[in-house]
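Engineer: Here it is: the structure, laid out below.
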Amino acid sequence: EKGEWLTYGKEGRLGGGIGIEEKKMEDAFVWGFGLRHGITLPGHSKNSATVLCERRPRYTAGISLRADGQPLPPSQPSSSSSHSGRVPKWVSDMLRRDSTHDKGRAAEGDAVSEPVEEAVAARVAEVYRRNHGHALPSHLSELLDGRENLDQLNARLSAVNLPVHPDLRLGILPNNGFSYAILPASSPKGRFEAHLEVCAGSADEREDQQGLAHVVEHVTYMGSRRRDDLLDGTGAQTNAFTDFHHTVYHASCPIKSSRRESVIQLALDTLHEVLDGREFEPNRLEKERAAVLSEMQMVNTIEYRTEVQLLSFLHRDNLLSKRFPIGKEEQIQRWTVADVREFHETHYRPSNVVLYLVGDFENVDEVEAMVHRKFGSIASRRGASSKNLPTVKETQSRFFPPINHQWEVEAVPLPDKENSVGASMFRHDLLQGFSVHIFAKYPIQPMMNLLDLKRWILRSVVVMALQVRFNVQARAEGSGGALFSYVEVMCTSSPREGCSVVSIDMVSDREKWDTATRAAIVEWRRIAEFGISDSELERYLTSIWVSSEQLCAQGERMSNSQQVERLMEALACSDVFMSPDQSHRALELILPTVTTHEVNDMAREMAGFVFSSSRPFTSSSLAACVPTYGGFDVPCERFETVAKVALVEKIEANLDVAVPDSLMTPEGLARVAKYEEPAFHILDDGDVQLFKLMNGISVNLLQRDREADRTNIRVSAAGGRMAESRFGIGSVILGSRTMQEGGRFPPWTRQQVELFCVDSLIQVDITANYEFLLLDFAFPTAKLESVLQLIHRILLGEFVWEPDAMLRARQTLSQTRGEIDRSLEDAAAEAIMGRLSNNDPRFLIASEEVLDALTLDDVKHAVMGHLTTEALEVSIVGDFDNLGDTRELLVRYLGSVPETKRDPGMDAHMRPEPVPLARVGGHFDFELADTDDRAVAFIAGECPGIFGYRSDGTHISLGEGEEPIRGDLSIQKERRKHPLFAHASFDLLRSVINRRLFASLRERERLTYDAKFNLAGYDRLLGGWYISEVTASPENVERALSVMEETLIALRDETRRITKDHFDAARRSLLSKLANEKEKNDFMVELIHGMQDPGVTLKGPHYLRDYVDVVSALTPDDLHFLLKTFEVSARSGAPVLTCIARTNTTGQESNDDGVIRSSAQFHKGVALSH
């Protein structure tokens, strides 16, 4: 009805299968894309499934062409309202789909006339008909023929609604208004997600209820008997959280379990009990009151305080600046059961909640009937009075917080120098870097039709362009180090804030605060004034297209949890929720209509949100966070002066950079082409193919399709920071970071290489841990050859080591050290590690003095000393169409690297090495200067490594010289001789201990919100450490330490044995988590990594094959056996450390009390200025 594009196939049905005659588009329930179609874009790093180039800033650039194909001058970017004069890459890709028709094919980058050359237009129409079974839609054919201008086209696009996901089942119970959404999905198989969203959060609280929504969440769920059954009886994972706008109770569950035929019913029973709210017992309130107050202490980090300040700056015009979910301590202390019940009755009514069910359901009709039976019986309740629930929530959306924004949304010319600047500042000693924040808010714009989708694309292109331009500046050569250590540009719809937010967040060295501030403002001005070039537009549209292709290929294999997040955001924003295929088809139709002129108009519109006509910045749009340690400060007036100058200084357009099509030189390609593939040794041809190339490189290859069209590669070399005893302390960690910061391969510059990675959607992460140097790559499978070319050149030694890259690496490590010094938990943990490891510098953060003493040759030698073919292992997990072709590429690019022998000094690091042990125990106190009272307690000591080896080389369950039993065996009978016995037992033990600590410290003693027990076990190192941690109030921390120690002693000595019920619950939970994690390529790479490393003696193909069977065969006795292998208390003189870390809020220090203090300096008070 609304447009030809809606009709696919012979039956005239919508893309997902809903016929137009069955359900008209205008009647469809509007749900949305969630993470904006789930498409990953450069700059959207926090929630993206694909992060481009690396986890740091991304780059891009290109060659700008006129319509005749000639380069544009840098200062004259195209602003034509017609299409770019080049065939976009995504169009070329579409034409390449039909391999039987080569004649007339448009090549990427071919210059064509405007709007599009006649032959190309005809070819597009021909291929479109072949691919879709019908003629090219009229809006495209008329545009290609030049018969329709953009205004006419956009008017037509606005009349075409987006199609709703065909499998989405929506409903509202007629008797009480209860809403639900059911979506069948099969990733992972045999599991489902159940989320109950109560549309009430901290913003719904009265002045005397601050924190009550969070307390009600705790009392309602933590006291639920059904929740305990779900958690312990099925292996489900369940929790709840409170935010400004809602409270959500969620569970990830198996469809069936050994104890229950239908876990779905139990999950619905559990969520029904949340709404029932009949059991508000005083005892439960007291327990959860203590837990909430402990949580308040735990979350009160400097990162949390910074976020609170920034949100307060942005929303000082409304209630959000005064209604943070954690609440106020003095109010939390005095609430009664009656207060809890009042809030629950007011907001937990059926018409104010939505139930989301996403999973591998065999019969959706049956699931829907279960929802009707369970929730249909709840009586309808009236809403709150106007005093409790402002009418603004009813008039706007029940999914938004009940607030009124003062919008600043005029799109206007940039300000002149007469305008003033208003800024907000947050100062604190615990801040490490100076950060500048430019943000503005505007109303959420629902995505309901094709024009809405187009506007989302325009905004995304602007965001990507800003992101990469900032990053080019951050790492420009000759800049004296990184201008920014972090920069992120975002434009998001935020239901929790009830608005859309466009923002730039930038962190720099505090000595460069003025340069960073100037750059943030100038670059935003630059894109608004000059726009982007045609080549930039092509790059970003290609990124959108390729990401959409990957999502479409993944299809319904998107995880259930991601689907739920998309659904929740969609309903809140009134977006249309589409299947990946529908989304991809819609993009296929919209992308050809996007012009540079429209993008540049959008850039000016977005800049207008911040640069208003009356003032260049509103009081909530410019802010800075100032680290004041050591007496440093930036007066607000000086900060504003820098901003004013940046607003009026003369600026020029950006220069574009040419990006290579390949990272191999012609000579290199010719050399590889001549390489005759020798034989290679196949060591195992099972699920994981293990083979060794003739030059010594070991390869582990696993084919899997969980992440469609995606591949991960890990190149690993044994040694890591342990090898710094050979190359110099700090050399490996600084060298790996220097390589990450660099990237130059002649004849191309670092920037060109990184742009190539951006264009190819290649993520690169180079790190070093205690045991390995690691080069990790994540990318579309189609780019496998490009990644192998990159690895090939690195192994040939063609990577150029640059002094400015090393300077940036030093800055990054120095900032990391500063952040640790200013975190109570991290600084105390660093002090504990020093004592456990006998202050071995390889296990501690390198000091600035150590890093400054290293030269570029030092770090180059350390890294390249690892990258010899004899010592390398390459692990690959991906969605390959042809395993033989994949292996051929691996042999060609890795096998053609000449054989190289490792440094003789590395021989000691090829074998298992013991961890350094001080073998000292006792107690010490730790202190960190801060403005807020906080405390943490620790217990730490020695333990075997995750494969069961002690530091002296003996094994916990194998006698001297005794080999583990491999191959066919009765795992139940011989489990302690299996290579995975210790590993599986440690994994289970961690879960059991955490449950026991939770019961003791929180449930029984009411001393904490949470406690955690972790094991620092290693693959190659012999032995390891454990550390147990609990956050408590300063007045309760000593008692918390005592209870934690008593709990561990009781477990070890078996005075309180592990019960079978708790053991079985921990096992179900562990296997449930494993099932979820195994869906991810990076997790599987971690599993197969080390299978051919001679220093990882107990890792092999059985690691994947037998792990579940070994876990299933374990008993509580096995865990008690394992616990006997390490000490948990210093009372008997064992080498166990205890520590209490506190903040010092007095500003007074004495040096004669034996207290260890952080190196961070103290400055009393937190100053706010506006």
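Note on naming: chains are A, B, ... as they come in the structure tokens, residues start from 1 per chain, ligands start from 1 in the order shown.
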Could you tell me, as a PyMOL selection string, which residues of segment 143-279 of chain A DSSP assigns to helix (DSSP H, G or I) when given the backbone?

Structural biologist: chain A and resi 143-144+150-158+202-204+207-209+212-222+225-234+263-276

Engineer: Quick one: pick out all strand (DSSP E or B) residues within segment 312-519 of chain A from a backbone DSSP run and write them as a PyMOL selection string.

Structural biologist: chain A and resi 353-359+424-428+434-442+449+486-494+499-508

Engineer: Pick out the closest residue to Pro747 of chain A from this set: A:Asn838, A:Thr665, A:Ser731, A:Ser1069. Count only C-alpha atoms.

Structural biologist: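 Closest to Pro747 of chain A of all the choices is A:Thr665.
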
Engineer: Tell me which of A:Val1111, A:Leu1007, A:Val546, A:Leu813 sits closest to Val1043 of chain A, counting only C-alpha atoms.

Structural biologist: A:Leu1007

Engineer: If you count only C-alpha atoms, which residues fall within 8 Å of Tyr1107 of chain A, apart from same-chain ones fewer than 4 positions away, as a ChimeraX atom specification?

Structural biologist: /A:980,984,1102-1103,1111

Engineer: In Å to one decimal, how far is atom CA of Pro979 of chain A from atom CA of Thr234 of chain A?

Structural biologist: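 A separation of 27.9 Å between them.
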
Engineer: Need the shell around segment 371-373 of chain A: protein/DNA/RNA residues with any atom at most 9 Å away, counting only C-alpha atoms. Skip same-chain ones fewer than 3 positions apart. Format as an MDAnalysis selection string?

Structural biologist: chainID A and resid 173 180 265 268 355 366:368 376:377

Engineer: Output N, CA, C and O atoms for every residue in the selection just made, as a PDB file, in the first residue's frame.

Structural biologist:
ATOM      1  N   LEU A 173      -3.350  -7.310  27.998  1.00  0.00           N
ATOM      2  CA  LEU A 173      -4.450  -8.031  28.627  1.00  0.00           C
ATOM      3  C   LEU A 173      -5.606  -7.069  28.857  1.00  0.00           C
ATOM      4  O   LEU A 173      -5.427  -6.000  29.456  1.00  0.00           O
ATOM      5  N   TYR A 180       2.733  -7.171  26.976  1.00  0.00           N
ATOM      6  CA  TYR A 180       3.788  -8.155  26.796  1.00  0.00           C
ATOM      7  C   TYR A 180       4.266  -8.156  25.347  1.00  0.00           C
ATOM      8  O   TYR A 180       3.569  -7.721  24.430  1.00  0.00           O
ATOM      9  N   GLN A 265       7.516 -21.501  32.962  1.00  0.00           N
ATOM     10  CA  GLN A 265       6.471 -21.287  33.958  1.00  0.00           C
ATOM     11  C   GLN A 265       7.062 -20.774  35.268  1.00  0.00           C
ATOM     12  O   GLN A 265       6.503 -19.878  35.908  1.00  0.00           O
ATOM     13  N   LEU A 268       7.902 -17.119  34.914  1.00  0.00           N
ATOM     14  CA  LEU A 268       6.695 -16.287  34.983  1.00  0.00           C
ATOM     15  C   LEU A 268       6.173 -16.214  36.417  1.00  0.00           C
ATOM     16  O   LEU A 268       5.717 -15.150  36.859  1.00  0.00           O
ATOM     17  N   LEU A 355       6.167  -7.023  29.931  1.00  0.00           N
ATOM     18  CA  LEU A 355       6.908  -8.271  30.009  1.00  0.00           C
ATOM     19  C   LEU A 355       7.505  -8.579  28.635  1.00  0.00           C
ATOM     20  O   LEU A 355       6.805  -8.546  27.619  1.00  0.00           O
ATOM     21  N   GLU A 366       1.517 -21.269  22.947  1.00  0.00           N
ATOM     22  CA  GLU A 366       1.458 -21.815  24.298  1.00  0.00           C
ATOM     23  C   GLU A 366       2.094 -20.843  25.296  1.00  0.00           C
ATOM     24  O   GLU A 366       1.572 -20.659  26.404  1.00  0.00           O
ATOM     25  N   VAL A 367       3.206 -20.224  24.905  1.00  0.00           N
ATOM     26  CA  VAL A 367       3.859 -19.252  25.791  1.00  0.00           C
ATOM     27  C   VAL A 367       2.933 -18.067  26.031  1.00  0.00           C
ATOM     28  O   VAL A 367       2.783 -17.585  27.165  1.00  0.00           O
ATOM     29  N   GLU A 368       2.276 -17.604  24.995  1.00  0.00           N
ATOM     30  CA  GLU A 368       1.360 -16.476  25.137  1.00  0.00           C
ATOM     31  C   GLU A 368       0.194 -16.846  26.050  1.00  0.00           C
ATOM     32  O   GLU A 368      -0.240 -16.035  26.884  1.00  0.00           O
ATOM     33  N   GLY A 376      -3.157 -12.499  33.881  1.00  0.00           N
ATOM     34  CA  GLY A 376      -4.518 -12.009  33.687  1.00  0.00           C
ATOM     35  C   GLY A 376      -5.313 -11.931  34.961  1.00  0.00           C
ATOM     36  O   GLY A 376      -6.327 -11.212  35.052  1.00  0.00           O
ATOM     37  N   SER A 377      -4.880 -12.659  35.980  1.00  0.00           N
ATOM     38  CA  SER A 377      -5.623 -12.690  37.247  1.00  0.00           C
ATOM     39  C   SER A 377      -5.281 -11.512  38.162  1.00  0.00           C
ATOM     40  O   SER A 377      -5.948 -11.308  39.182  1.00  0.00           O
TER      41      SER A 377
END

Engineer: I'd like to know which of A:Ser224, A:Asn600, A:Thr492, A:Ser435 is closest to Asp514 of chain A, using only C-alpha atoms.

Structural biologist: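 Comparing A:Ser224, A:Asn600, A:Thr492, A:Ser435 against Asp514 of chain A, the winner is A:Ser435.
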
Engineer: Distance atom CA of Ala1050 of chain A-atom CA of Pro914 of chain A, one decimal place?

Structural biologist: 29.2 Å

Engineer: Let me make sure I understand: among A:Glu523, A:Glu637, A:Glu724, A:Asp581, which one has the smallest atom-to-atom distance to Asn654 of chain A if we use only C-alpha atoms?

Structural biologist: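 Looking only at the distances to Asn654 of chain A, the closest residue turns out to be A:Glu523.
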
Engineer: Of the candidates A:Glu1054, A:Asp317, A:Asp243, A:Glu873, which one gets nearest to Phe691 of chain A if we count only C-alpha atoms?

Structural biologist: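 Once distances to Phe691 of chain A are computed over only C-alpha atoms, the minimum belongs to A:Glu873.
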
Engineer: Which value, in Å to one decimal, gives the distance between atom CA of His861 of chain A and atom CA of Gly728 of chain A?

Structural biologist: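 So the two atoms, atom CA of His861 of chain A and atom CA of Gly728 of chain A, lie 10.1 Å apart.
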
Engineer: May I ask which of the residues A:Leu1015, A:Leu168, A:Met568, A:Ile791 is the closest one to Leu872 of chain A, counting only C-alpha atoms?

Structural biologist: A:Ile791

Engineer: Which residues are near Val462 of chain A? Cut-off 8 Å, only C-alpha atoms, ignore same chain within fewer than 5 positions. Put them as a ChimeraX atom specification.

Structural biologist: /A:599-600,602-603

Engineer: Hey, can you spit out that residue selection with all heavy atoms as a PDB file, in the first residue's frame?

Structural biologist:
ATOM      1  N   VAL A 599      23.971  15.595   4.353  1.00  0.00           N
ATOM      2  CA  VAL A 599      24.806  15.335   5.520  1.00  0.00           C
ATOM      3  C   VAL A 599      25.327  16.640   6.103  1.00  0.00           C
ATOM      4  O   VAL A 599      25.317  16.848   7.316  1.00  0.00           O
ATOM      5  CB  VAL A 599      25.974  14.407   5.154  1.00  0.00           C
ATOM      6  CG1 VAL A 599      26.957  14.294   6.313  1.00  0.00           C
ATOM      7  CG2 VAL A 599      25.458  13.025   4.766  1.00  0.00           C
ATOM      8  N   ASN A 600      25.756  17.547   5.242  1.00  0.00           N
ATOM      9  CA  ASN A 600      26.304  18.816   5.722  1.00  0.00           C
ATOM     10  C   ASN A 600      25.223  19.688   6.357  1.00  0.00           C
ATOM     11  O   ASN A 600      25.489  20.412   7.321  1.00  0.00           O
ATOM     12  CB  ASN A 600      27.005  19.539   4.583  1.00  0.00           C
ATOM     13  CG  ASN A 600      28.238  18.788   4.111  1.00  0.00           C
ATOM     14  OD1 ASN A 600      28.770  17.948   4.833  1.00  0.00           O
ATOM     15  ND2 ASN A 600      28.688  19.080   2.895  1.00  0.00           N
ATOM     16  N   MET A 602      22.751  18.403   7.998  1.00  0.00           N
ATOM     17  CA  MET A 602      22.567  17.767   9.296  1.00  0.00           C
ATOM     18  C   MET A 602      23.681  18.175  10.259  1.00  0.00           C
ATOM     19  O   MET A 602      23.437  18.380  11.455  1.00  0.00           O
ATOM     20  CB  MET A 602      22.524  16.245   9.142  1.00  0.00           C
ATOM     21  CG  MET A 602      22.396  15.476  10.455  1.00  0.00           C
ATOM     22  SD  MET A 602      20.887  15.893  11.399  1.00  0.00           S
ATOM     23  CE  MET A 602      19.646  15.074  10.382  1.00  0.00           C
ATOM     24  N   ALA A 603      24.896  18.303   9.763  1.00  0.00           N
ATOM     25  CA  ALA A 603      26.007  18.715  10.616  1.00  0.00           C
ATOM     26  C   ALA A 603      25.740  20.093  11.207  1.00  0.00           C
ATOM     27  O   ALA A 603      25.998  20.339  12.389  1.00  0.00           O
ATOM     28  CB  ALA A 603      27.308  18.717   9.819  1.00  0.00           C
TER      29      ALA A 603
END

Engineer: Just the residues within 9 Å of Leu1041 of chain A, please, counting only C-alpha atoms, with nothing from its chain fewer than 6 positions along; format it as a VMD selection string.

Structural biologist: chain A and resid 936 to 939 1029 to 1030 1138 to 1140

Engineer: Do a neighbour search on Gln237 of chain A at 8 Å with only C-alpha atoms, toss out local chain neighbours closer than 5 positions, and write the hits as a list in words.

Structural biologist: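 So, after excluding close chain neighbours, the residues are Leu231, Ala251, Ser252, Cys253, Ser1069 and Ser1072 of chain A.
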